[in-house]
$ cat input-v1.txt   # compact mmCIF, C-alpha atoms
# COMPACT_ATOMS: atom_id res chain seq x y z
CA MET P 1 -37.63 0.83 -307.40
CA ASN P 2 -38.94 -1.20 -304.47
CA LYS P 3 -41.84 -3.49 -305.45
CA ALA P 4 -44.01 -2.23 -302.62
CA LEU P 5 -43.52 1.35 -303.82
CA ILE P 6 -44.43 0.38 -307.38
CA HIS P 7 -47.64 -1.20 -306.11
CA LEU P 8 -48.44 1.89 -304.05
CA PHE P 9 -47.74 4.36 -306.84
CA CYS P 10 -49.70 2.46 -309.44
CA MET P 11 -52.64 1.77 -307.18
CA ILE P 12 -52.83 5.49 -306.52
CA LEU P 13 -52.64 6.26 -310.22
CA ALA P 14 -55.41 3.76 -310.72
CA THR P 15 -57.66 6.01 -308.67
CA THR P 16 -57.55 8.63 -311.39
CA HIS P 17 -60.41 7.33 -313.54
CA ALA P 18 -63.36 4.95 -313.63
CA TYR P 19 -66.93 4.71 -314.83
CA SER P 20 -66.23 7.37 -317.43
CA GLN P 21 -68.91 6.02 -319.73
CA ALA P 22 -71.56 6.46 -317.06
CA ASN P 23 -70.33 9.71 -315.50
CA ASP P 24 -69.02 12.97 -316.94
CA ILE P 25 -65.65 13.86 -315.43
CA ASP P 26 -64.71 17.53 -315.53
CA GLN P 27 -61.22 17.54 -317.02
CA THR P 28 -61.16 21.33 -317.10
CA ASP P 29 -60.67 21.30 -313.32
CA PRO P 30 -57.69 19.18 -312.13
CA TYR P 31 -58.90 19.00 -308.53
CA SER P 32 -62.44 17.99 -309.44
CA MET P 33 -61.22 15.47 -312.01
CA ILE P 34 -58.97 13.57 -309.64
CA SER P 35 -61.38 13.54 -306.72
CA GLN P 36 -64.29 12.37 -308.88
CA VAL P 37 -62.49 9.55 -310.59
CA ALA P 38 -60.74 8.42 -307.39
CA ASN P 39 -64.01 7.99 -305.54
CA GLN P 40 -65.65 6.28 -308.51
CA THR P 41 -62.75 3.89 -309.03
CA PHE P 42 -62.81 2.75 -305.41
CA MET P 43 -66.57 2.26 -305.63
CA ARG P 44 -66.26 0.25 -308.82
CA ILE P 45 -63.66 -2.10 -307.44
CA LYS P 46 -65.77 -2.68 -304.34
CA ASP P 47 -68.86 -3.40 -306.42
CA GLN P 48 -67.07 -5.77 -308.79
CA ARG P 49 -64.69 -7.46 -306.36
CA ALA P 50 -66.32 -10.90 -306.75
CA ASP P 51 -66.24 -10.69 -310.55
CA ILE P 52 -62.60 -9.57 -310.51
CA GLN P 53 -61.62 -12.48 -308.27
CA SER P 54 -63.25 -14.98 -310.61
CA ASN P 55 -61.94 -13.24 -313.73
CA PRO P 56 -58.61 -11.43 -313.03
CA GLY P 57 -58.50 -10.27 -316.65
CA MET P 58 -61.14 -7.69 -315.77
CA ILE P 59 -58.38 -5.63 -314.17
CA ASP P 60 -56.64 -5.27 -317.53
CA GLU P 61 -59.91 -4.16 -319.07
CA ILE P 62 -60.49 -1.56 -316.35
CA VAL P 63 -57.00 -0.15 -316.80
CA GLU P 64 -57.15 -0.13 -320.60
CA GLN P 65 -60.60 1.37 -320.93
CA GLU P 66 -60.94 3.45 -317.79
CA LEU P 67 -57.53 4.50 -316.47
CA LEU P 68 -55.23 5.23 -319.39
CA PRO P 69 -57.45 7.93 -320.96
CA TYR P 70 -56.67 10.09 -317.92
CA VAL P 71 -52.93 9.37 -317.73
CA ASP P 72 -50.50 11.23 -319.96
CA TYR P 73 -48.28 8.20 -320.47
CA LYS P 74 -46.45 9.79 -323.41
CA PHE P 75 -45.32 12.74 -321.33
CA ALA P 76 -44.42 10.42 -318.45
CA ALA P 77 -42.44 8.22 -320.85
CA LEU P 78 -40.43 11.21 -322.08
CA LYS P 79 -39.81 12.40 -318.51
CA VAL P 80 -38.44 8.96 -317.64
CA LEU P 81 -36.26 9.00 -320.76
CA GLY P 82 -34.88 12.41 -319.82
CA LYS P 83 -31.77 13.59 -321.63
CA HIS P 84 -31.58 10.31 -323.56
CA PHE P 85 -34.48 11.55 -325.69
CA LYS P 86 -32.13 13.36 -328.06
CA ASP P 87 -30.18 10.17 -328.79
CA TYR P 88 -32.95 8.49 -330.79
CA GLU P 89 -35.05 9.10 -333.91
CA LYS P 90 -38.78 9.82 -333.77
CA GLU P 91 -39.68 6.30 -334.88
CA LYS P 92 -37.68 4.76 -332.05
CA ILE P 93 -39.22 7.13 -329.50
CA ALA P 94 -42.70 6.27 -330.78
CA ALA P 95 -41.96 2.55 -330.36
CA TYR P 96 -40.65 3.18 -326.85
CA MET P 97 -43.81 5.11 -325.93
CA GLU P 98 -45.97 2.17 -326.98
CA VAL P 99 -43.87 -0.22 -324.90
CA PHE P 100 -44.09 2.20 -321.98
CA ARG P 101 -47.86 2.29 -322.37
CA ASN P 102 -48.13 -1.51 -322.29
CA TYR P 103 -45.70 -1.71 -319.38
CA SER P 104 -47.76 0.83 -317.46
CA THR P 105 -50.96 -1.10 -318.17
CA SER P 106 -49.40 -4.28 -316.80
CA VAL P 107 -48.03 -2.61 -313.66
CA PHE P 108 -51.31 -0.78 -313.02
CA SER P 109 -53.23 -4.05 -313.37
CA ASN P 110 -50.98 -5.84 -310.91
CA ALA P 111 -51.20 -2.94 -308.47
CA LEU P 112 -55.00 -2.83 -308.56
CA ARG P 113 -55.09 -6.37 -307.21
CA PHE P 114 -53.66 -5.00 -303.94
CA TYR P 115 -56.60 -2.66 -303.35
CA ASN P 116 -58.04 -3.21 -299.87
CA ASP P 117 -60.68 -0.56 -299.15
CA GLN P 118 -58.29 2.36 -298.74
CA ASN P 119 -59.80 5.83 -298.47
CA ILE P 120 -58.45 8.99 -300.07
CA GLU P 121 -59.00 12.53 -298.79
CA PHE P 122 -58.13 15.59 -300.88
CA GLU P 123 -56.80 18.87 -299.58
CA THR P 124 -58.37 22.26 -300.32
CA ASN P 125 -58.38 23.30 -303.97
CA GLU P 126 -56.09 26.12 -305.03
CA ASP P 127 -56.47 28.66 -307.82
CA PHE P 128 -55.15 27.06 -311.02
CA SER P 129 -56.17 29.79 -313.50
CA GLY P 130 -53.37 30.50 -315.96
CA LYS P 131 -51.36 27.46 -314.87
CA LYS P 132 -50.24 24.54 -317.02
CA TYR P 133 -48.93 22.37 -314.20
CA VAL P 134 -50.72 21.76 -310.90
CA THR P 135 -50.07 19.59 -307.85
CA VAL P 136 -53.14 18.01 -306.26
CA ARG P 137 -52.41 16.91 -302.70
CA ALA P 138 -54.22 14.18 -300.81
CA LEU P 139 -54.00 11.67 -297.97
CA LEU P 140 -54.34 7.92 -298.52
CA LYS P 141 -55.72 6.28 -295.38
CA GLU P 142 -55.69 2.57 -294.54
CA GLY P 143 -56.63 1.90 -290.95
CA THR P 144 -54.31 3.94 -288.76
CA LYS P 145 -51.75 4.43 -291.55
CA THR P 146 -51.76 7.71 -293.52
CA THR P 147 -49.68 8.35 -296.65
CA LYS P 148 -49.13 11.84 -298.05
CA LEU P 149 -49.67 12.02 -301.80
CA ALA P 150 -49.13 14.60 -304.52
CA PHE P 151 -50.63 14.11 -307.99
CA SER P 152 -48.72 15.94 -310.72
CA VAL P 153 -51.08 16.97 -313.51
CA ARG P 154 -50.61 19.03 -316.66
CA LYS P 155 -52.94 20.78 -319.08
CA ASP P 156 -52.94 19.67 -322.70
CA ASN P 157 -52.56 22.75 -324.92
CA LYS P 158 -54.89 21.43 -327.60
CA SER P 159 -57.78 19.98 -325.60
CA GLN P 160 -57.31 22.17 -322.50
CA HIS P 161 -57.91 19.01 -320.44
CA TRP P 162 -55.84 17.94 -317.44
CA TYR P 163 -53.96 14.63 -317.23
CA VAL P 164 -51.97 12.88 -314.50
CA TYR P 165 -48.33 12.20 -315.34
CA ASP P 166 -46.65 11.54 -311.97
CA ILE P 167 -47.34 10.61 -308.35
CA ASN P 168 -45.31 11.58 -305.31
CA ALA P 169 -45.81 9.44 -302.19
CA GLU P 170 -44.13 10.58 -298.99
CA GLY P 171 -41.59 12.60 -300.99
CA ILE P 172 -40.79 9.86 -303.51
CA SER P 173 -41.65 10.53 -307.17
CA MET P 174 -42.67 7.65 -309.41
CA ILE P 175 -40.93 9.21 -312.42
CA SER P 176 -37.73 9.85 -310.48
CA SER P 177 -37.77 6.27 -309.23
CA LEU P 178 -38.20 4.90 -312.75
CA GLN P 179 -35.42 7.19 -314.00
CA SER P 180 -33.08 5.76 -311.37
CA GLN P 181 -34.10 2.24 -312.31
CA PHE P 182 -33.88 2.64 -316.10
CA SER P 183 -31.02 5.13 -316.59
CA PRO P 184 -28.22 2.55 -316.09
CA ILE P 185 -29.79 0.35 -318.76
CA LEU P 186 -30.08 3.29 -321.16
CA ARG P 187 -26.47 4.34 -320.61
CA LYS P 188 -24.94 0.90 -320.93
CA GLU P 189 -27.22 -0.94 -323.36
CA GLY P 190 -29.50 1.57 -325.07
CA LEU P 191 -33.20 2.00 -325.65
CA ASP P 192 -33.75 -1.33 -327.41
CA SER P 193 -32.50 -3.20 -324.36
CA LEU P 194 -34.65 -1.09 -322.05
CA MET P 195 -37.72 -1.88 -324.13
CA GLN P 196 -36.93 -5.59 -323.93
CA VAL P 197 -36.61 -5.33 -320.14
CA MET P 198 -39.97 -3.57 -319.93
CA ILE P 199 -41.63 -6.15 -322.17
CA SER P 200 -40.19 -9.02 -320.11
CA ARG P 201 -41.73 -7.52 -316.95
CA GLU P 202 -45.26 -7.34 -318.30
CA HIS P 203 -47.52 -9.66 -316.24
$ encode --input "input-v1.txt" --output "structure tokens"
Amino acid sequence: MNKALIHLFCMILATTHAYSQANDIDQTDPYSMISQVANQTFMRIKDQRADIQSNPGMIDEIVEQELLPYVDYKFAALKVLGKHFKDYEKEKIAAYMEVFRNYSTSVFSNALRFYNDQNIEFETNEDFSGKKYVTVRALLKEGTKTTKLAFSVRKDNKSQHWYVYDINAEGISMISSLQSQFSPILRKEGLDSLMQVMISREH
């Protein structure tokens, strides 16, 4: 996937949580959850820009402590793996999920460094009662440029909370892009090789 697209996707995902320790985010409402955490994340980065510039490691801390709790990285990892899931034992899948988590953290951290006072506007909420999957649509605005976004979120059966698992920007899905990028490696070299590739790309 194009580097610029990776940065865009991950920066958008990074707007899905921040300041959770100081603010209660309503995870029972997918629309409210995403809009709240997006606005708070942008505010946090603005407030701490000087500290982040002097200590870039703060980005990793923000992602680890503030972003990942609202991203269903396990579900995203399985979606990226696709049909190859059945080719591996549970232990191998669990190891892959952990590598995917660390890879995501690294990419999110790098993407956050590209934040430049973008604004995000959400479309009207729709009725989500009885649904397990919902698409939250928004517009990312930077000057005169507007990007159409669609956040894919799913409800966890146990907690009944909503989590982000994919982003679609101008018709391009992050998961689909990663599938295209990783599938050739899976077919030709297997999951161990893919994990090594992901590890080598961290930071």
$ closest_residue --input "input-v1.txt" --among "P:Ile175, P:Ile52, P:Ala150, P:Leu191" --to "Ala77 in chain P" --atoms "only C-alpha atoms"
P:Ile175
$ residues_near_point --input "input-v1.txt" --point "(-40.2, 5.8, -318.5)" --cutoff "8 Å" --atoms "all atoms listed in the file" --output "number ranges by chain"
P: 76-81, 100, 175, 178-179, 182
$ atom_distance --input "input-v1.txt" --atom1 "CA of Gln118 in chain P" --atom2 "CA of Asp29 in chain P"
24.0 Å
$ closest_residue --input "input-v1.txt" --among "P:Leu139, P:Val153, P:Ile93, P:Val63" --to "Val107 in chain P" --atoms "all atoms listed in the file"
P:Val63
$ residues_around --input "input-v1.txt" --residues "Thr124 in chain P" --least-positions-apart "3" --cutoff "12 Å" --atoms "all atoms listed in the file" --output "list in words"
Tyr31, Ser32, Ser35, Glu121, Asp127, Thr135, Val136, Arg137, Ala138 and Leu139 of chain P
$ write_last_selection --input "input-v1.txt" --atoms "C-alpha atoms" --output "PDB file, keeping the file's coordinate frame"
ATOM      1  CA  TYR P  31     -58.900  19.000-308.530  1.00  0.00           C
ATOM      2  CA  SER P  32     -62.440  17.990-309.440  1.00  0.00           C
ATOM      3  CA  SER P  35     -61.380  13.540-306.720  1.00  0.00           C
ATOM      4  CA  GLU P 121     -59.000  12.530-298.790  1.00  0.00           C
ATOM      5  CA  ASP P 127     -56.470  28.660-307.820  1.00  0.00           C
ATOM      6  CA  THR P 135     -50.070  19.590-307.850  1.00  0.00           C
ATOM      7  CA  VAL P 136     -53.140  18.010-306.260  1.00  0.00           C
ATOM      8  CA  ARG P 137     -52.410  16.910-302.700  1.00  0.00           C
ATOM      9  CA  ALA P 138     -54.220  14.180-300.810  1.00  0.00           C
ATOM     10  CA  LEU P 139     -54.000  11.670-297.970  1.00  0.00           C
TER      11      LEU P 139
END
$ closest_residue --input "input-v1.txt" --among "P:Ile199, P:Gln48, P:Thr146, P:Leu186" --to "Ser104 in chain P" --atoms "all atoms listed in the file"
P:Ile199
$ atom_distance --input "input-v1.txt" --atom1 "CA of Lys83 in chain P" --atom2 "CA of Asn157 in chain P"
23.0 Å
$ atom_distance --input "input-v1.txt" --atom1 "CA of Val37 in chain P" --atom2 "CA of Gln181 in chain P"
29.4 Å
$ residues_near_point --input "input-v1.txt" --point "(-51.6, 22.6, -318.5)" --cutoff "8 Å" --atoms "only C-alpha atoms" --output "count of residues only"
12
$ residues_around --input "input-v1.txt" --residues "Ile185 in chain P" --least-positions-apart "2" --cutoff "12 Å" --atoms "only C-alpha atoms" --output "PyMOL selection string"
chain P and resi 81+84+178-183+187-198
$ closest_residue --input "input-v1.txt" --among "P:Ile120, P:Leu149, P:Ala169, P:Ala50" --to "Ala38 in chain P" --atoms "all atoms listed in the file"
P:Ile120
$ decode --input "input-v1.txt" --residues "range 76-154 of chain P" --atoms "C-alpha atoms" --output "short mmCIF file (atom, residue, chain, number, x, y, z; two decimals), in the first residue's frame"
data_model
loop_
_atom_site.label_atom_id
_atom_site.label_comp_id
_atom_site.auth_asym_id
_atom_site.auth_seq_id
_atom_site.Cartn_x
_atom_site.Cartn_y
_atom_site.Cartn_z
CA ALA P 76 -8.53 -6.61 11.99
CA ALA P 77 -5.61 -9.06 12.06
CA LEU P 78 -7.91 -11.96 11.20
CA LYS P 79 -9.58 -9.97 8.42
CA VAL P 80 -6.16 -9.27 6.91
CA LEU P 81 -5.24 -12.96 7.21
CA GLY P 82 -8.45 -13.96 5.45
CA LYS P 83 -8.69 -17.52 4.17
CA HIS P 84 -5.14 -18.25 5.35
CA PHE P 85 -6.50 -18.39 8.90
CA LYS P 86 -7.38 -22.07 8.55
CA ASP P 87 -3.80 -22.98 7.60
CA TYR P 88 -2.34 -22.37 11.05
CA GLU P 89 -2.75 -23.58 14.64
CA LYS P 90 -4.16 -21.39 17.41
CA GLU P 91 -0.72 -20.77 18.91
CA LYS P 92 0.63 -19.47 15.61
CA ILE P 93 -2.41 -17.23 15.11
CA ALA P 94 -1.99 -15.84 18.63
CA ALA P 95 1.66 -15.03 17.90
CA TYR P 96 0.67 -13.36 14.64
CA MET P 97 -1.94 -11.23 16.43
CA GLU P 98 0.69 -9.95 18.85
CA VAL P 99 3.01 -9.07 15.98
CA PHE P 100 0.11 -7.36 14.21
CA ARG P 101 -0.60 -5.37 17.37
CA ASN P 102 3.00 -4.18 17.64
CA TYR P 103 3.12 -3.43 13.92
CA SER P 104 -0.06 -1.38 14.22
CA THR P 105 1.34 0.54 17.18
CA SER P 106 4.46 1.43 15.20
CA VAL P 107 2.53 2.52 12.10
CA PHE P 108 0.04 4.53 14.17
CA SER P 109 2.91 6.27 15.96
CA ASN P 110 4.62 7.21 12.71
CA ALA P 111 1.34 8.43 11.25
CA LEU P 112 0.54 10.65 14.23
CA ARG P 113 3.70 12.62 13.55
CA PHE P 114 2.06 13.85 10.33
CA TYR P 115 -0.85 15.49 12.14
CA ASN P 116 -1.21 19.12 11.06
CA ASP P 117 -4.39 20.59 12.57
CA GLN P 118 -6.84 18.70 10.37
CA ASN P 119 -10.52 18.93 11.27
CA ILE P 120 -13.04 16.10 11.16
CA GLU P 121 -16.79 16.49 10.66
CA PHE P 122 -19.21 13.60 11.23
CA GLU P 123 -22.37 12.94 9.28
CA THR P 124 -25.80 12.47 10.87
CA ASN P 125 -26.15 9.47 13.17
CA GLU P 126 -28.27 6.56 12.01
CA ASP P 127 -30.29 4.05 14.00
CA PHE P 128 -27.93 1.25 15.06
CA SER P 129 -30.30 -0.68 17.34
CA GLY P 130 -30.03 -4.42 16.73
CA LYS P 131 -26.92 -4.05 14.58
CA LYS P 132 -23.51 -5.60 15.16
CA TYR P 133 -21.68 -3.73 12.42
CA VAL P 134 -22.00 0.00 11.72
CA THR P 135 -20.34 2.44 9.33
CA VAL P 136 -19.66 5.90 10.74
CA ARG P 137 -19.11 8.42 7.94
CA ALA P 138 -17.14 11.64 8.21
CA LEU P 139 -15.19 14.28 6.31
CA LEU P 140 -11.53 15.03 7.03
CA LYS P 141 -10.77 18.65 6.15
CA GLU P 142 -7.32 20.21 5.70
CA GLY P 143 -7.49 23.65 4.15
CA THR P 144 -9.43 23.35 0.91
CA LYS P 145 -8.93 19.58 0.70
CA THR P 146 -11.74 17.26 1.87
CA THR P 147 -11.42 13.48 2.23
CA LYS P 148 -14.44 11.20 2.60
CA LEU P 149 -14.04 8.68 5.40
CA ALA P 150 -15.94 5.64 6.64
CA PHE P 151 -15.12 4.09 10.02
CA SER P 152 -16.05 0.40 10.24
CA VAL P 153 -16.98 -0.52 13.80
CA ARG P 154 -18.31 -3.70 15.38
#
